[in-house]
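The next block is data_20.cif, given as mmCIF, C-alpha atoms.
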```cif
data_input
#
loop_
_atom_site.group_PDB
_atom_site.id
_atom_site.type_symbol
_atom_site.label_atom_id
_atom_site.label_comp_id
_atom_site.auth_asym_id
_atom_site.auth_seq_id
_atom_site.Cartn_x
_atom_site.Cartn_y
_atom_site.Cartn_z
ATOM 1 C CA LEU M 250 152.843 85.784 78.327
ATOM 2 C CA GLY M 251 151.978 89.487 78.417
ATOM 3 C CA VAL M 252 153.766 92.727 77.575
ATOM 4 C CA THR M 253 153.112 96.363 78.464
ATOM 5 C CA SER M 254 154.894 99.562 77.479
ATOM 6 C CA ALA M 255 153.993 101.522 80.624
ATOM 7 C CA PRO M 256 155.903 100.396 82.582
ATOM 8 C CA PRO M 257 158.004 98.484 80.010
ATOM 9 C CA LEU M 258 157.633 94.946 81.358
ATOM 10 C CA LEU M 259 157.112 91.492 79.904
ATOM 11 C CA ILE M 260 155.640 88.779 82.118
ATOM 12 C CA SER M 261 155.731 85.040 81.567
ATOM 13 C CA GLY M 262 154.133 82.206 83.517
ATOM 14 C CA SER M 263 154.795 78.482 83.488
ATOM 15 C CA ALA M 264 153.763 75.077 84.790
ATOM 16 C CA ASP M 265 156.270 75.324 87.655
ATOM 17 C CA GLY M 266 154.106 77.966 89.331
ATOM 18 C CA GLN M 267 156.433 80.903 88.683
ATOM 19 C CA VAL M 268 155.791 84.268 87.048
ATOM 20 C CA ASN M 269 158.886 86.036 85.704
ATOM 21 C CA PHE M 270 159.227 89.758 85.007
ATOM 22 C CA TRP M 271 161.509 90.694 82.113
ATOM 23 C CA GLU M 272 162.883 93.917 80.703
ATOM 24 C CA GLY M 273 160.343 95.192 78.178
ATOM 25 C CA ASP M 274 162.269 98.134 76.712
ATOM 26 C CA PRO M 275 163.986 96.989 73.460
ATOM 27 C CA ALA M 276 166.509 99.814 73.777
ATOM 28 C CA ARG M 277 167.890 98.163 76.914
ATOM 29 C CA LEU M 278 168.297 94.738 75.339
ATOM 30 C CA LYS M 279 171.157 93.476 73.190
ATOM 31 C CA PRO M 280 170.164 91.459 70.094
ATOM 32 C CA LEU M 281 170.931 87.718 70.097
ATOM 33 C CA THR M 282 171.723 87.581 73.798
ATOM 34 C CA VAL M 283 170.145 85.635 76.663
ATOM 35 C CA THR M 284 168.826 87.731 79.527
ATOM 36 C CA SER M 285 167.667 86.911 83.039
ATOM 37 C CA PRO M 286 164.358 87.994 84.577
ATOM 38 C CA LYS M 287 164.291 91.169 86.647
ATOM 39 C CA LYS M 288 162.128 89.532 89.298
ATOM 40 C CA THR M 289 160.468 86.175 89.931
ATOM 41 C CA LEU M 290 157.093 85.711 91.649
ATOM 42 C CA GLU M 291 156.185 82.425 93.330
ATOM 43 C CA HIS M 292 152.606 82.312 92.066
ATOM 44 C CA GLY M 293 151.633 78.703 92.776
ATOM 45 C CA GLY M 294 149.655 76.291 90.600
ATOM 46 C CA ARG M 295 150.215 75.840 86.872
ATOM 47 C CA VAL M 296 150.081 79.376 85.483
ATOM 48 C CA ARG M 297 147.924 79.384 82.336
ATOM 49 C CA VAL M 298 146.934 83.020 81.716
ATOM 50 C CA LEU M 299 148.467 86.464 82.328
ATOM 51 C CA LYS M 300 146.688 89.657 81.229
ATOM 52 C CA TRP M 301 147.728 93.256 81.888
ATOM 53 C CA CYS M 302 144.893 95.616 82.812
ATOM 54 C CA PRO M 303 144.216 97.958 79.861
ATOM 55 C CA PHE M 304 142.701 100.578 82.168
ATOM 56 C CA ASP M 305 145.990 101.361 83.960
ATOM 57 C CA GLU M 306 147.767 102.992 80.990
ATOM 58 C CA GLY M 307 150.043 105.841 82.092
ATOM 59 C CA SER M 308 150.137 104.951 85.790
ATOM 60 C CA ALA M 309 153.389 104.351 87.674
ATOM 61 C CA GLY M 310 152.472 100.742 88.415
ATOM 62 C CA ARG M 311 150.034 98.446 86.689
ATOM 63 C CA ARG M 312 147.702 95.594 87.532
ATOM 64 C CA PHE M 313 147.659 92.220 85.851
ATOM 65 C CA ALA M 314 145.345 89.241 86.215
ATOM 66 C CA SER M 315 146.499 85.641 86.382
ATOM 67 C CA ALA M 316 144.786 82.277 86.164
ATOM 68 C CA SER M 317 146.284 78.988 87.265
ATOM 69 C CA GLU M 318 145.165 75.381 87.494
ATOM 70 C CA LYS M 319 145.594 73.032 90.442
ATOM 71 C CA LEU M 320 149.108 71.855 91.209
ATOM 72 C CA GLY M 321 149.682 69.706 94.273
ATOM 73 C CA SER M 322 147.862 71.246 97.222
ATOM 74 C CA THR M 323 147.427 74.613 95.454
ATOM 75 C CA PRO M 324 143.886 74.863 93.988
ATOM 76 C CA ALA M 325 142.923 76.583 90.753
ATOM 77 C CA MET M 326 142.605 80.329 91.183
ATOM 78 C CA ILE M 327 142.241 83.731 89.569
ATOM 79 C CA ALA M 328 144.242 86.585 91.058
ATOM 80 C CA VAL M 329 144.858 90.286 90.475
ATOM 81 C CA TRP M 330 148.300 91.736 91.183
ATOM 82 C CA HIS M 331 149.818 95.209 91.262
ATOM 83 C CA ALA M 332 153.259 95.372 89.658
ATOM 84 C CA SER M 333 155.752 98.184 90.128
ATOM 85 C CA PRO M 334 158.035 99.317 87.264
ATOM 86 C CA ALA M 335 160.807 97.291 88.917
ATOM 87 C CA GLY M 336 158.738 94.089 88.763
ATOM 88 C CA GLU M 337 157.727 93.928 92.418
ATOM 89 C CA ALA M 338 154.264 92.324 92.579
ATOM 90 C CA GLU M 339 151.640 92.477 95.317
ATOM 91 C CA LYS M 340 148.506 90.330 95.263
ATOM 92 C CA VAL M 341 145.422 92.554 95.643
ATOM 93 C CA LEU M 342 142.680 90.009 94.872
ATOM 94 C CA HIS M 343 142.410 86.226 95.154
ATOM 95 C CA ILE M 344 139.456 84.279 93.707
ATOM 96 C CA LYS M 345 139.525 80.572 94.515
ATOM 97 C CA ASP M 346 135.871 79.434 94.441
ATOM 98 C CA LEU M 347 135.981 78.474 90.757
ATOM 99 C CA PRO M 348 133.972 75.877 88.760
ATOM 100 C CA GLY M 349 137.316 74.645 87.434
ATOM 101 C CA LYS M 350 140.450 76.144 85.936
ATOM 102 C CA ALA M 351 140.086 79.304 83.859
ATOM 103 C CA ASN M 352 141.318 78.779 80.293
ATOM 104 C CA ASP M 353 141.434 82.501 79.483
ATOM 105 C CA LEU M 354 140.722 85.917 80.990
ATOM 106 C CA GLN M 355 139.703 89.329 79.693
ATOM 107 C CA TRP M 356 139.351 92.626 81.536
ATOM 108 C CA GLY M 357 136.038 94.474 81.231
ATOM 109 C CA GLY M 358 135.132 98.069 82.051
ATOM 110 C CA GLY M 359 131.836 99.869 82.557
ATOM 111 C CA GLY M 360 130.391 100.917 85.883
ATOM 112 C CA LYS M 361 132.485 98.291 87.686
ATOM 113 C CA LEU M 362 135.867 96.846 86.739
ATOM 114 C CA LYS M 363 135.311 93.202 85.755
ATOM 115 C CA LEU M 364 137.126 90.035 84.760
ATOM 116 C CA PHE M 365 135.649 87.556 82.276
ATOM 117 C CA SER M 366 136.822 83.950 82.669
ATOM 118 C CA ALA M 367 136.433 81.003 80.267
ATOM 119 C CA HIS M 368 135.822 77.477 81.602
ATOM 120 C CA ASP M 369 135.647 73.843 80.509
ATOM 121 C CA ASN M 370 131.924 73.623 81.366
ATOM 122 C CA GLY M 371 131.003 76.045 78.547
ATOM 123 C CA TYR M 372 130.393 78.988 80.899
ATOM 124 C CA VAL M 373 131.880 82.452 81.044
ATOM 125 C CA GLY M 374 132.219 83.825 84.563
ATOM 126 C CA VAL M 375 131.884 87.573 85.217
ATOM 127 C CA TRP M 376 133.814 88.615 88.334
ATOM 128 C CA LEU M 377 134.217 91.881 90.195
ATOM 129 C CA ALA M 378 137.899 92.679 89.606
ATOM 130 C CA GLU M 379 138.211 94.557 92.879
ATOM 131 C CA ALA M 380 137.650 93.426 96.448
ATOM 132 C CA PRO M 381 135.809 91.289 97.397
ATOM 133 C CA GLY M 382 136.075 89.666 93.923
ATOM 134 C CA SER M 383 132.504 88.365 93.958
ATOM 135 C CA LEU M 384 130.903 86.421 91.104
ATOM 136 C CA MET M 385 128.562 88.858 89.338
ATOM 137 C CA LYS M 386 127.131 86.520 86.693
ATOM 138 C CA THR M 387 127.621 83.268 84.780
ATOM 139 C CA ILE M 388 126.822 83.029 81.063
ATOM 140 C CA LYS M 389 126.163 79.611 79.498
ATOM 141 C CA LEU M 390 127.369 79.846 75.901
ATOM 142 C CA HIS M 391 128.791 76.507 74.743
ATOM 143 C CA ASN M 392 128.387 72.739 74.965
ATOM 144 C CA ALA M 393 132.120 72.131 75.398
ATOM 145 C CA ALA M 394 135.154 73.903 76.824
ATOM 146 C CA ILE M 395 135.654 77.592 76.065
ATOM 147 C CA SER M 396 139.316 77.910 75.151
ATOM 148 C CA SER M 397 139.753 81.594 74.309
ATOM 149 C CA LEU M 398 138.209 85.043 74.794
ATOM 150 C CA THR M 399 138.732 88.407 73.127
ATOM 151 C CA LEU M 400 137.054 91.816 73.291
ATOM 152 C CA SER M 401 136.084 94.192 70.510
ATOM 153 C CA SER M 402 138.080 97.436 70.403
ATOM 154 C CA ASP M 403 135.203 99.358 72.029
ATOM 155 C CA ALA M 404 135.033 96.695 74.802
ATOM 156 C CA THR M 405 131.284 96.159 74.298
ATOM 157 C CA THR M 406 131.450 92.688 72.720
ATOM 158 C CA LEU M 407 133.068 89.564 74.144
ATOM 159 C CA VAL M 408 133.940 86.909 71.545
ATOM 160 C CA THR M 409 134.595 83.271 72.434
ATOM 161 C CA ALA M 410 136.213 80.212 70.837
ATOM 162 C CA SER M 411 135.076 76.757 71.936
ATOM 163 C CA HIS M 412 135.838 73.099 71.392
ATOM 164 C CA ASP M 413 132.196 72.702 70.278
ATOM 165 C CA LYS M 414 133.398 74.249 66.958
ATOM 166 C CA THR M 415 131.568 77.560 67.455
ATOM 167 C CA SER M 416 132.421 81.126 68.371
ATOM 168 C CA LYS M 417 129.897 83.494 69.928
ATOM 169 C CA ALA M 418 129.800 87.285 70.105
ATOM 170 C CA VAL M 419 128.102 88.510 73.293
ATOM 171 C CA ASP M 420 126.990 92.028 74.196
ATOM 172 C CA VAL M 421 128.674 92.670 77.558
ATOM 173 C CA SER M 422 127.672 96.336 77.670
ATOM 174 C CA GLN M 423 124.177 95.389 78.896
ATOM 175 C CA PRO M 424 123.117 93.219 81.874
ATOM 176 C CA ALA M 425 121.189 90.841 79.576
ATOM 177 C CA THR M 426 124.474 89.758 77.846
ATOM 178 C CA GLU M 427 122.641 88.891 74.625
ATOM 179 C CA THR M 428 124.345 86.662 72.041
ATOM 180 C CA LEU M 429 124.620 88.825 68.927
ATOM 181 C CA ALA M 430 126.237 86.393 66.483
ATOM 182 C CA THR M 431 127.467 82.808 66.180
ATOM 183 C CA PHE M 432 130.288 81.714 63.880
ATOM 184 C CA GLU M 433 130.967 78.050 63.134
ATOM 185 C CA LEU M 434 133.790 75.963 61.661
ATOM 186 C CA ASN M 435 134.260 72.215 61.213
ATOM 187 C CA ARG M 436 136.994 71.738 63.821
ATOM 188 C CA PRO M 437 137.523 72.393 67.565
ATOM 189 C CA LEU M 438 138.416 76.040 68.144
ATOM 190 C CA ASN M 439 141.316 77.051 70.362
ATOM 191 C CA ALA M 440 141.803 80.733 69.594
ATOM 192 C CA VAL M 441 139.963 83.859 68.430
ATOM 193 C CA ALA M 442 140.880 87.392 67.371
ATOM 194 C CA VAL M 443 138.864 90.237 65.857
ATOM 195 C CA SER M 444 139.730 93.174 63.632
ATOM 196 C CA GLU M 445 139.810 96.704 65.027
ATOM 197 C CA ASP M 446 136.527 97.594 63.263
ATOM 198 C CA PHE M 447 134.686 94.428 64.359
ATOM 199 C CA GLN M 448 130.979 94.820 65.123
ATOM 200 C CA PRO M 449 128.820 91.655 65.200
ATOM 201 C CA GLN M 450 126.833 91.147 61.986
ATOM 202 C CA LYS M 451 127.902 94.607 60.770
ATOM 203 C CA THR M 452 131.564 95.322 60.048
ATOM 204 C CA GLY M 453 135.020 93.827 60.358
ATOM 205 C CA THR M 454 136.244 90.276 60.628
ATOM 206 C CA VAL M 455 136.709 87.517 63.185
ATOM 207 C CA VAL M 456 139.668 85.118 62.928
ATOM 208 C CA LEU M 457 139.236 81.576 64.287
ATOM 209 C CA ALA M 458 141.789 78.773 64.581
ATOM 210 C CA GLY M 459 142.307 75.452 66.328
ATOM 211 C CA GLY M 460 142.205 71.885 65.105
ATOM 212 C CA LYS M 461 142.093 68.461 66.667
ATOM 213 C CA ASP M 462 144.487 67.654 69.471
ATOM 214 C CA ALA M 463 147.766 66.286 68.125
ATOM 215 C CA ARG M 464 147.213 62.929 69.879
ATOM 216 C CA ASP M 465 143.929 62.466 67.970
ATOM 217 C CA VAL M 466 145.212 63.403 64.523
ATOM 218 C CA THR M 467 146.489 59.981 63.416
ATOM 219 C CA ARG M 468 143.301 58.107 64.303
ATOM 220 C CA ALA M 469 140.664 60.756 63.509
ATOM 221 C CA LYS M 470 138.360 59.859 60.609
ATOM 222 C CA ASP M 471 136.963 63.365 60.119
ATOM 223 C CA MET M 472 140.223 65.297 59.728
ATOM 224 C CA GLN M 473 139.924 68.259 57.367
ATOM 225 C CA GLU M 474 142.585 69.108 54.793
ATOM 226 C CA ASP M 475 142.608 72.624 56.211
ATOM 227 C CA GLU M 476 142.334 71.487 59.871
ATOM 228 C CA PHE M 477 145.075 73.799 61.128
ATOM 229 C CA GLU M 478 144.342 76.878 59.016
ATOM 230 C CA ALA M 479 143.182 80.098 60.633
ATOM 231 C CA LYS M 480 139.990 81.294 58.956
ATOM 232 C CA VAL M 481 139.142 84.964 58.406
ATOM 233 C CA ILE M 482 135.348 85.354 58.572
ATOM 234 C CA ASP M 483 133.279 88.350 57.491
ATOM 235 C CA SER M 484 131.254 89.580 60.461
ATOM 236 C CA ALA M 485 128.285 90.725 58.382
ATOM 237 C CA SER M 486 127.765 87.628 56.205
ATOM 238 C CA GLY M 487 129.523 84.897 58.192
ATOM 239 C CA LYS M 488 131.399 83.852 55.033
ATOM 240 C CA ILE M 489 135.047 82.799 55.013
ATOM 241 C CA LEU M 490 137.084 85.493 53.262
ATOM 242 C CA ALA M 491 140.613 84.112 53.572
ATOM 243 C CA ALA M 492 142.798 81.636 55.440
ATOM 244 C CA GLY M 493 146.174 81.680 57.133
ATOM 245 C CA ALA M 494 147.744 78.405 56.015
ATOM 246 C CA GLY M 495 151.009 76.599 56.695
ATOM 247 C CA HIS M 496 150.723 75.059 60.166
ATOM 248 C CA PHE M 497 151.031 71.290 60.688
ATOM 249 C CA GLY M 498 149.596 71.139 64.202
ATOM 250 C CA PRO M 499 146.800 72.685 66.262
ATOM 251 C CA VAL M 500 146.860 76.472 66.589
ATOM 252 C CA HIS M 501 146.720 77.550 70.242
ATOM 253 C CA GLY M 502 147.233 81.313 70.027
ATOM 254 C CA LEU M 503 145.988 84.217 67.897
ATOM 255 C CA LEU M 504 146.943 87.885 68.115
ATOM 256 C CA SER M 505 145.332 90.708 66.170
ATOM 257 C CA LEU M 506 147.872 93.072 64.536
ATOM 258 C CA PRO M 507 145.758 95.981 63.238
ATOM 259 C CA ARG M 508 148.735 98.149 62.255
ATOM 260 C CA ILE M 509 150.531 95.532 60.151
ATOM 261 C CA GLY M 510 150.011 95.370 56.395
ATOM 262 C CA THR M 511 147.534 97.386 54.370
ATOM 263 C CA ALA M 512 144.370 96.229 56.152
ATOM 264 C CA GLY M 513 145.663 94.613 59.339
ATOM 265 C CA ALA M 514 147.097 91.204 60.109
ATOM 266 C CA PHE M 515 147.127 88.428 62.698
ATOM 267 C CA ALA M 516 149.739 86.158 64.262
ATOM 268 C CA THR M 517 149.266 82.446 64.957
ATOM 269 C CA VAL M 518 151.241 80.139 67.250
ATOM 270 C CA SER M 519 150.947 76.400 66.710
ATOM 271 C CA GLU M 520 151.923 73.136 68.372
ATOM 272 C CA ASP M 521 154.178 72.578 65.350
ATOM 273 C CA GLY M 522 156.584 75.099 66.912
ATOM 274 C CA CYS M 523 155.969 77.847 64.361
ATOM 275 C CA LEU M 524 154.809 81.438 64.610
ATOM 276 C CA LYS M 525 153.274 82.911 61.465
ATOM 277 C CA VAL M 526 151.933 86.341 60.562
ATOM 278 C CA HIS M 527 149.261 86.613 57.858
ATOM 279 C CA GLY M 528 147.462 89.579 56.407
ATOM 280 C CA LEU M 529 143.680 89.545 56.672
ATOM 281 C CA ASP M 530 143.703 88.595 52.975
ATOM 282 C CA GLY M 531 145.619 85.402 53.841
ATOM 283 C CA THR M 532 149.011 86.581 52.568
ATOM 284 C CA LEU M 533 151.924 85.159 54.572
ATOM 285 C CA LEU M 534 153.956 88.107 55.902
ATOM 286 C CA HIS M 535 156.347 86.366 58.285
ATOM 287 C CA SER M 536 157.227 82.906 59.597
ATOM 288 C CA ASP M 537 159.502 81.783 62.430
ATOM 289 C CA ARG M 538 160.245 78.470 64.106
ATOM 290 C CA LEU M 539 160.248 78.753 67.887
ATOM 291 C CA THR M 540 162.757 76.574 69.744
#
```
Could you show the structure in this file as structure tokens?
Amino acid sequence: LGVTSAPPLLISGSADGQVNFWEGDPARLKPLTVTSPKKTLEHGGRVRVLKWCPFDEGSAGRRFASASEKLGSTPAMIAVWHASPAGEAEKVLHIKDLPGKANDLQWGGGGKLKLFSAHDNGYVGVWLAEAPGSLMKTIKLHNAAISSLTLSSDATTLVTASHDKTSKAVDVSQPATETLATFELNRPLNAVAVSEDFQPQKTGTVVLAGGKDARDVTRAKDMQEDEFEAKVIDSASGKILAAGAGHFGPVHGLLSLPRIGTAGAFATVSEDGCLKVHGLDGTLLHSDRLT
């Protein structure tokens, strides 16, 4: 799922291989009504990730990146598309020589437009986001699957979340891609977000969430009482400052909300069917059950 204000479009992808384009202007939508997509794209594969390009703000059309896993005869791939304001999409890049499905994507700037991809083998791939889409570098960071990626607000630091229970902050502004900080919790990590002022080992906070897979919960002997809480960690000290509690299943999504509350907030989406918004101090600001 991804949303952009210019043009006002929301995109959604699903396991049936389709990407739908929806009206993204709230003024054109009626509350409590069901709407149909403006356009539907036959993407192929099981669509796992959709990310609008942040470097196309203000242009008439906009690019987005997608990642899908194998479905039938369609192999796993990463693609870049150009979408018009009407939701017409044209594929401009197709990357299919992957080490496996990409679990997440992030756009990167600098001298060349890049895509960062997260994989089950613990590597991050760095791809040229324009033709020919070549692999620029691989970065070995974890001993288990990397489930989520996020970038600092200045786009110089890539932050990961992994099933090996660690998160790493990597300097992607330099070719050496040095690991600047490692954060660790006592459960598999599925999602990561950072505050707007995040700088590794200096300022801001990193929020980490996850928990054991629901099928393992009943027989796991090392379940934590706070297994499904999102933890707010101080970047400078590595100490836990607060927690977003209330979920009863693994958390699979985190979104930073820097303009909510007095000091910023974050949203969590869990396998328990709930969406919650917490302040960075752990205060519950909003809760909804998704059906």
Using the chain letters and numbers from the file, which residues does the PyMOL selection byres ((chain M and resi 346) around 12) grab, as an MDAnalysis selection string?
chainID M and resid 324:328 343:345 347:351 374 376 382:384
Taking (140.3, 82.8, 78.5) in the file's coordinates as the center, which residues reach within 8 Å of it, counting all atoms listed in the file, put as a count of residues only?
15
Using only C-alpha atoms, pick whichever of M:His292, M:Arg508, M:Lys414, M:Lys461 has the shortest atom-to-atom distance to Ser444 (chain M).
M:Arg508
Selected by the PyMOL selection byres ((chain M and resi 317) around 6) in the shown coordinates: which residues, as a PyMOL selection string?
chain M and resi 294-297+316+318+325-326
Export, as an mmCIF file, keeping the file's coordinate frame, the selected residues with C-alpha atoms.
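This went into result03.cif:
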```cif
data_model
loop_
_atom_site.group_PDB
_atom_site.id
_atom_site.type_symbol
_atom_site.label_atom_id
_atom_site.label_comp_id
_atom_site.auth_asym_id
_atom_site.auth_seq_id
_atom_site.Cartn_x
_atom_site.Cartn_y
_atom_site.Cartn_z
ATOM 1 C CA GLY M 294 149.655 76.291 90.600
ATOM 2 C CA ARG M 295 150.215 75.840 86.872
ATOM 3 C CA VAL M 296 150.081 79.376 85.483
ATOM 4 C CA ARG M 297 147.924 79.384 82.336
ATOM 5 C CA ALA M 316 144.786 82.277 86.164
ATOM 6 C CA GLU M 318 145.165 75.381 87.494
ATOM 7 C CA ALA M 325 142.923 76.583 90.753
ATOM 8 C CA MET M 326 142.605 80.329 91.183
#
```
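For the set M:Glu339, M:Asp483, M:Glu427, M:Asp475, the residue with the smallest atom-to-atom gap to Asp446 (chain M) is M:Asp483, counting only C-alpha atoms.
Rounded to one decimal, CA of Gly459 (chain M) and CA of Gly498 (chain M) lie 8.7 Å from each other.
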Contacts of Ala440 (chain M) within 6 Å, all atoms listed in the file, excl. fewer than 4 positions in-chain, as a list in words
Ser397, Ala410, Leu457, Ala458, His501, Gly502 and Leu503 of chain M
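This file, queried with the PyMOL selection byres ((chain M and resi 257) around 7), gives the residues Thr253, Ser254, Ala255, Pro256, Leu258, Glu272, Gly273 and Asp274 of chain M.
Among M:Val441, M:Leu506, M:Val373, M:Cys302, the residue with the shortest atom-to-atom distance to Thr426 (chain M), counting all atoms listed in the file, is M:Val373.
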